[in-house]
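This report refers to the structure that appears directly beneath it.
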Amino acid sequence: MRKELVAAFSGFPDHHFPEDITKRLREELTERRSIVFITACPLEYAQNDNDSNGMHEMFAEQGISFERHSVIDERTEPSVAKELVENADCIFLMGGGACGDQLDLIRKKDCYETLLDCHAAILGVSAGSMNMARNTVDFLDSKEPFPGLGFTNITVSCHHDPEDAWRYEQTLKMSEDRVVYAMEDMSAFFIKGGKIDVAGTVWRAENGDLRLITEDDVRELEQDEFRRVFDTIPDQFDKYRPRYSEELFVFLNERAGIGPGKSVLEIGPGTGQATEPVLRTGCEYHAIELGEHLYRKMKEKYGKYPNFSIVNDDFITHDFGDMKFDMIYSAATIQWIPEEIAYTKVYELLKPGGTLAMMLTRSEYKSDNEQLFEKIQTLYDRYYKPEIPYTHGGFNYTAAPEYGYSSVEKYEFKGQRVFNADEYVEFSGTHCDHIVIPEPIRSEFFAALKSAVLKAGNRVVFNDTYVLYLAGKPS
C-alpha cells in the first residue's frame, strides 16, 4: 500500500475524463511539474509519442496541465528512465498493448524499485491498470496469473461490456480461482492511504458469478489493503517496533527443538523484530513478507546469512509447493490472516509433530505515571479518528484444537521500554491505525502527544508482556 495516490482506469473511448474522475484528479495532482508515461507498446515509437501527447492534452483540457511530459519506451536509456521516474509528480502506465510487454520494459529499464520508492501519484489505464496488481491476468494472452507491480491486491479486467458476450465469458473464466473486478470504460479505482473509492461502473466476478460491486466489497478491499500499511514506513518500523525478550526465544527454540537441520517459516517478519534469535540457531530459516519495502529491508539486514531465505508474497495465496516446516511462527502478524485460513494452511505446511508459535506484545504505561496516562487518553478522545478501523483484534489464539492441533499453551515474559517525547511519537506512528489518521488531524495529534510527554518529564515507560502461544501438530 502506498501513501500516494494509485488510480486504475479502464479506458476513455471519447478521449475525455468524466466529471467525477476529473474532480478527484484535480484534488490529488497539486504538484504538476512532470508527468511520465510508460508505454505498453515498447517498440511503437510514433504511437507512443501520439498517445502520450494525446493523454497529456486530456489532462490539460481539464486544467491539470503539467510543465513537461515524457514517454518511456524502448528508446529510453535506463539511466534516463530512472531519472524521469524519480523526478515525476505523476506516472501514467499506458494501455494499448500487452501487460507482459510493459512489465518487461519496466524491469529492463531498471525502473521497478524506483517506481516503488518514488513520490509520484501512479495512474494506469487498461493494461497499465491490470499491471498495478500483485497478481494480474491478461485474458488476451493467458488466464494464468503472473506477478504485477504490487501496488495493490486488486486484480482488474478492463473494458468490460455486459453486451460483449466473448469478453463477458472470458471474465467469468478468469474468476474461477480468483476474484476479479471487471471495470467498464469511464470507471476507476482510487486508492490512497488504504482508502478505496470507486467511480463509474465496476463488477465483481468470483467463481463464475458476476455482480455489481457493493459498499461491503469496498470495505473488504480496504481491509486487504490495510494489511500492507506498515510497508509505507519501513525505516520507522524497523527502529521503533518492539522486539521480544531473549528469554522468550531461548524457551521457544529449546521447546520446538530449533537448530541445524530444522526448517522454520516466519510469517510476516516485518523488518525482523523476531527474526535473528531464530536465524542464529543455524536452522533453515524461511520467511514470507507481503510488503515490498519490508521485504527489501529484511534482505538488506539478513541476506548475508547462508541459512536465510525470504519471498515477497502473500501467505494467503502463496504456493509453497512441497515445502514442510518443523516450526511456523508469527510475531503480531497472524491476526491479519482470516482465522480459518491461518490455522488450516499452517497445519498443512507443518511436519507431523511440528510447532505453531504465535507471539504478541501487550503494553501498559498507566502504572508508571497515571497522570500522563489520563492526559494521553483525553488526547485520544479528541484526535483518534483513523479513516480505516482496525478489525483484526478478534483473532482467537486458543482456537488451534478446533483445526486439528493437539493443544495450545500460553506463556508470558516481561520487558520494559523507556521513550522520550520524540521517540514516543515516532513509536506511536508505527501503529497501523495511527498511520491512517488523516491530515491535518494526525500531525495535530502527534504534536499534542509530544507536548504531553515533555510536560511529564520527557519520559514515558512501557511495561511490556510478551505473550507466546504454542500449538502442536500431532505426530
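Naming works like this for the C-alpha cells: A, B, ... for the chains as they're shown, residue 1 at the start of each chain, ligands 1 onward in shown order.
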Test item: residues at most 8 Å from stretch 415-431 of chain A, only C-alpha atoms, excluding those fewer than 6 positions along its chain, as a ChimeraX atom specification
/A:230,233,236-237,240-241,245,446,449-451,453-454,458-466
Select from stretch 170-311 of chain A everything DSSP, run on the backbone, classes as helix (DSSP H, G or I), then give the selection as a ChimeraX atom specification.
/A:170-174,215-226,229-232,234-240,246-256,276-279,292-302
Tell me, as number ranges by chain, which residues lie within 9 Å of A:Tyr380, counting only C-alpha atoms; anything in the same chain fewer than 5 positions away does not count.
A: 375, 385, 445
For those residues, write C-alpha atoms to a file as a PDB file, in the first residue's frame.
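Okay, again_16.pdb is ready:
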ATOM      1  CA  LYS A 375      -3.815  13.152  29.730  1.00  0.00           C
ATOM      2  CA  LYS A 385     -10.068   9.311  14.124  1.00  0.00           C
ATOM      3  CA  PHE A 445      -2.495  14.620  17.425  1.00  0.00           C
TER       4      PHE A 445
END
Neighbour list for A:Asp20 as a ChimeraX atom specification, cut-off 12 Å, only C-alpha atoms, skip fewer than 2 positions in-chain:
/A:16-18,22-27,62,186-190,197-200
Please, could you write that set of residues out with N, CA and C atoms as a CSV table (one decimal), in the first residue's frame?
chain,number,residue,atom,x,y,z
A,16,HIS,N,-11.9,11.8,-23.2
A,16,HIS,CA,-12.1,12.9,-22.2
A,16,HIS,C,-12.3,12.2,-20.8
A,17,PHE,N,-11.8,12.9,-19.8
A,17,PHE,CA,-12.1,12.4,-18.4
A,17,PHE,C,-13.5,12.8,-18.0
A,18,PRO,N,-14.3,11.8,-17.4
A,18,PRO,CA,-15.6,12.2,-16.9
A,18,PRO,C,-15.5,13.1,-15.7
A,22,THR,N,-12.3,13.6,-13.1
A,22,THR,CA,-11.6,14.9,-13.2
A,22,THR,C,-11.5,15.6,-11.8
A,23,LYS,N,-12.6,15.6,-11.1
A,23,LYS,CA,-12.6,16.3,-9.8
A,23,LYS,C,-11.6,15.7,-8.9
A,24,ARG,N,-11.5,14.3,-8.8
A,24,ARG,CA,-10.6,13.7,-8.0
A,24,ARG,C,-9.1,14.0,-8.4
A,25,LEU,N,-8.9,14.0,-9.7
A,25,LEU,CA,-7.5,14.2,-10.2
A,25,LEU,C,-7.1,15.6,-9.9
A,26,ARG,N,-8.0,16.6,-10.0
A,26,ARG,CA,-7.7,18.0,-9.6
A,26,ARG,C,-7.3,18.1,-8.2
A,27,GLU,N,-8.0,17.4,-7.3
A,27,GLU,CA,-7.7,17.4,-5.9
A,27,GLU,C,-6.4,16.8,-5.5
A,62,GLN,N,-8.7,19.8,-18.8
A,62,GLN,CA,-9.4,19.9,-17.6
A,62,GLN,C,-8.7,20.8,-16.6
A,186,MET,N,-14.7,4.4,-18.5
A,186,MET,CA,-15.1,5.6,-17.7
A,186,MET,C,-15.2,5.3,-16.2
A,187,SER,N,-14.6,4.1,-15.8
A,187,SER,CA,-14.7,3.8,-14.4
A,187,SER,C,-13.3,3.9,-13.8
A,188,ALA,N,-13.2,3.8,-12.4
A,188,ALA,CA,-11.9,4.0,-11.8
A,188,ALA,C,-11.9,3.4,-10.4
A,189,PHE,N,-10.8,2.9,-9.9
A,189,PHE,CA,-10.5,2.7,-8.5
A,189,PHE,C,-9.5,3.8,-8.1
A,190,PHE,N,-9.8,4.5,-7.0
A,190,PHE,CA,-8.8,5.4,-6.4
A,190,PHE,C,-8.4,4.8,-5.1
A,197,ASP,N,-11.9,4.4,-3.2
A,197,ASP,CA,-13.1,5.0,-3.8
A,197,ASP,C,-13.3,4.4,-5.2
A,198,VAL,N,-14.6,4.2,-5.6
A,198,VAL,CA,-14.9,3.7,-6.9
A,198,VAL,C,-15.7,4.7,-7.7
A,199,ALA,N,-15.3,4.9,-8.9
A,199,ALA,CA,-16.1,5.8,-9.8
A,199,ALA,C,-16.6,5.0,-11.0
A,200,GLY,N,-17.7,5.3,-11.5
A,200,GLY,CA,-18.3,4.6,-12.7
A,200,GLY,C,-18.8,3.2,-12.3
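Residues surrounding stretch 248-254 of chain A within 8 Å are A:Tyr244, A:Ser245, A:Glu246, A:Ala256, A:Gly257, A:Ile258, A:Gly259, A:Pro277, A:Val278, A:Phe413, A:Tyr466, A:Leu468 [only C-alpha atoms; sequence separation below 2 positions excluded].
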Next, the residues of the selection above should be written as a PDB file, in the first residue's frame with N, CA, C and O atoms.
ATOM      1  N   TYR A 244      11.231  -8.799  21.083  1.00  0.00           N
ATOM      2  CA  TYR A 244      10.761  -9.735  22.098  1.00  0.00           C
ATOM      3  C   TYR A 244      11.937 -10.162  22.972  1.00  0.00           C
ATOM      4  O   TYR A 244      13.089 -10.091  22.557  1.00  0.00           O
ATOM      5  N   SER A 245      11.640 -10.612  24.166  1.00  0.00           N
ATOM      6  CA  SER A 245      12.712 -10.893  25.122  1.00  0.00           C
ATOM      7  C   SER A 245      13.550 -12.088  24.684  1.00  0.00           C
ATOM      8  O   SER A 245      13.062 -13.045  24.075  1.00  0.00           O
ATOM      9  N   GLU A 246      14.836 -12.009  25.023  1.00  0.00           N
ATOM     10  CA  GLU A 246      15.745 -13.119  24.739  1.00  0.00           C
ATOM     11  C   GLU A 246      15.280 -14.379  25.452  1.00  0.00           C
ATOM     12  O   GLU A 246      15.398 -15.494  24.931  1.00  0.00           O
ATOM     13  N   ALA A 256      10.793 -26.106  20.838  1.00  0.00           N
ATOM     14  CA  ALA A 256      10.476 -26.597  19.494  1.00  0.00           C
ATOM     15  C   ALA A 256      11.639 -27.372  18.872  1.00  0.00           C
ATOM     16  O   ALA A 256      11.495 -27.900  17.769  1.00  0.00           O
ATOM     17  N   GLY A 257      12.781 -27.416  19.575  1.00  0.00           N
ATOM     18  CA  GLY A 257      13.932 -28.153  19.064  1.00  0.00           C
ATOM     19  C   GLY A 257      14.538 -27.528  17.832  1.00  0.00           C
ATOM     20  O   GLY A 257      14.966 -28.240  16.907  1.00  0.00           O
ATOM     21  N   ILE A 258      14.613 -26.198  17.799  1.00  0.00           N
ATOM     22  CA  ILE A 258      15.095 -25.495  16.608  1.00  0.00           C
ATOM     23  C   ILE A 258      16.609 -25.379  16.618  1.00  0.00           C
ATOM     24  O   ILE A 258      17.216 -24.975  17.609  1.00  0.00           O
ATOM     25  N   GLY A 259      17.207 -25.724  15.505  1.00  0.00           N
ATOM     26  CA  GLY A 259      18.658 -25.676  15.337  1.00  0.00           C
ATOM     27  C   GLY A 259      19.022 -26.196  13.970  1.00  0.00           C
ATOM     28  O   GLY A 259      18.156 -26.328  13.082  1.00  0.00           O
ATOM     29  N   PRO A 277      16.995 -14.117  16.605  1.00  0.00           N
ATOM     30  CA  PRO A 277      17.193 -15.194  17.584  1.00  0.00           C
ATOM     31  C   PRO A 277      16.889 -16.591  17.040  1.00  0.00           C
ATOM     32  O   PRO A 277      17.436 -17.577  17.532  1.00  0.00           O
ATOM     33  N   VAL A 278      16.019 -16.677  16.039  1.00  0.00           N
ATOM     34  CA  VAL A 278      15.740 -17.963  15.395  1.00  0.00           C
ATOM     35  C   VAL A 278      16.773 -18.235  14.306  1.00  0.00           C
ATOM     36  O   VAL A 278      17.313 -19.338  14.198  1.00  0.00           O
ATOM     37  N   PHE A 413       6.263 -13.445  29.204  1.00  0.00           N
ATOM     38  CA  PHE A 413       7.599 -12.975  29.557  1.00  0.00           C
ATOM     39  C   PHE A 413       7.524 -11.450  29.695  1.00  0.00           C
ATOM     40  O   PHE A 413       6.703 -10.806  29.044  1.00  0.00           O
ATOM     41  N   TYR A 466       5.259 -10.033  26.905  1.00  0.00           N
ATOM     42  CA  TYR A 466       5.386 -10.760  25.641  1.00  0.00           C
ATOM     43  C   TYR A 466       4.652 -12.083  25.795  1.00  0.00           C
ATOM     44  O   TYR A 466       5.031 -12.931  26.608  1.00  0.00           O
ATOM     45  N   LEU A 468       3.296 -15.656  24.394  1.00  0.00           N
ATOM     46  CA  LEU A 468       3.643 -16.712  23.442  1.00  0.00           C
ATOM     47  C   LEU A 468       2.611 -17.824  23.531  1.00  0.00           C
ATOM     48  O   LEU A 468       2.354 -18.375  24.611  1.00  0.00           O
TER      49      LEU A 468
END
Quick one: of A:Phe9, A:Lys455, A:Glu339, A:Asn369, who's nearest to A:Thr201, counting only C-alpha atoms?
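That would be A:Phe9, the residue with the smallest distance to A:Thr201.
Closest approach to A:Ser406 among A:Phe315, A:Val179, A:Lys473, A:Lys301 is made by A:Lys473 (distances from only C-alpha atoms).
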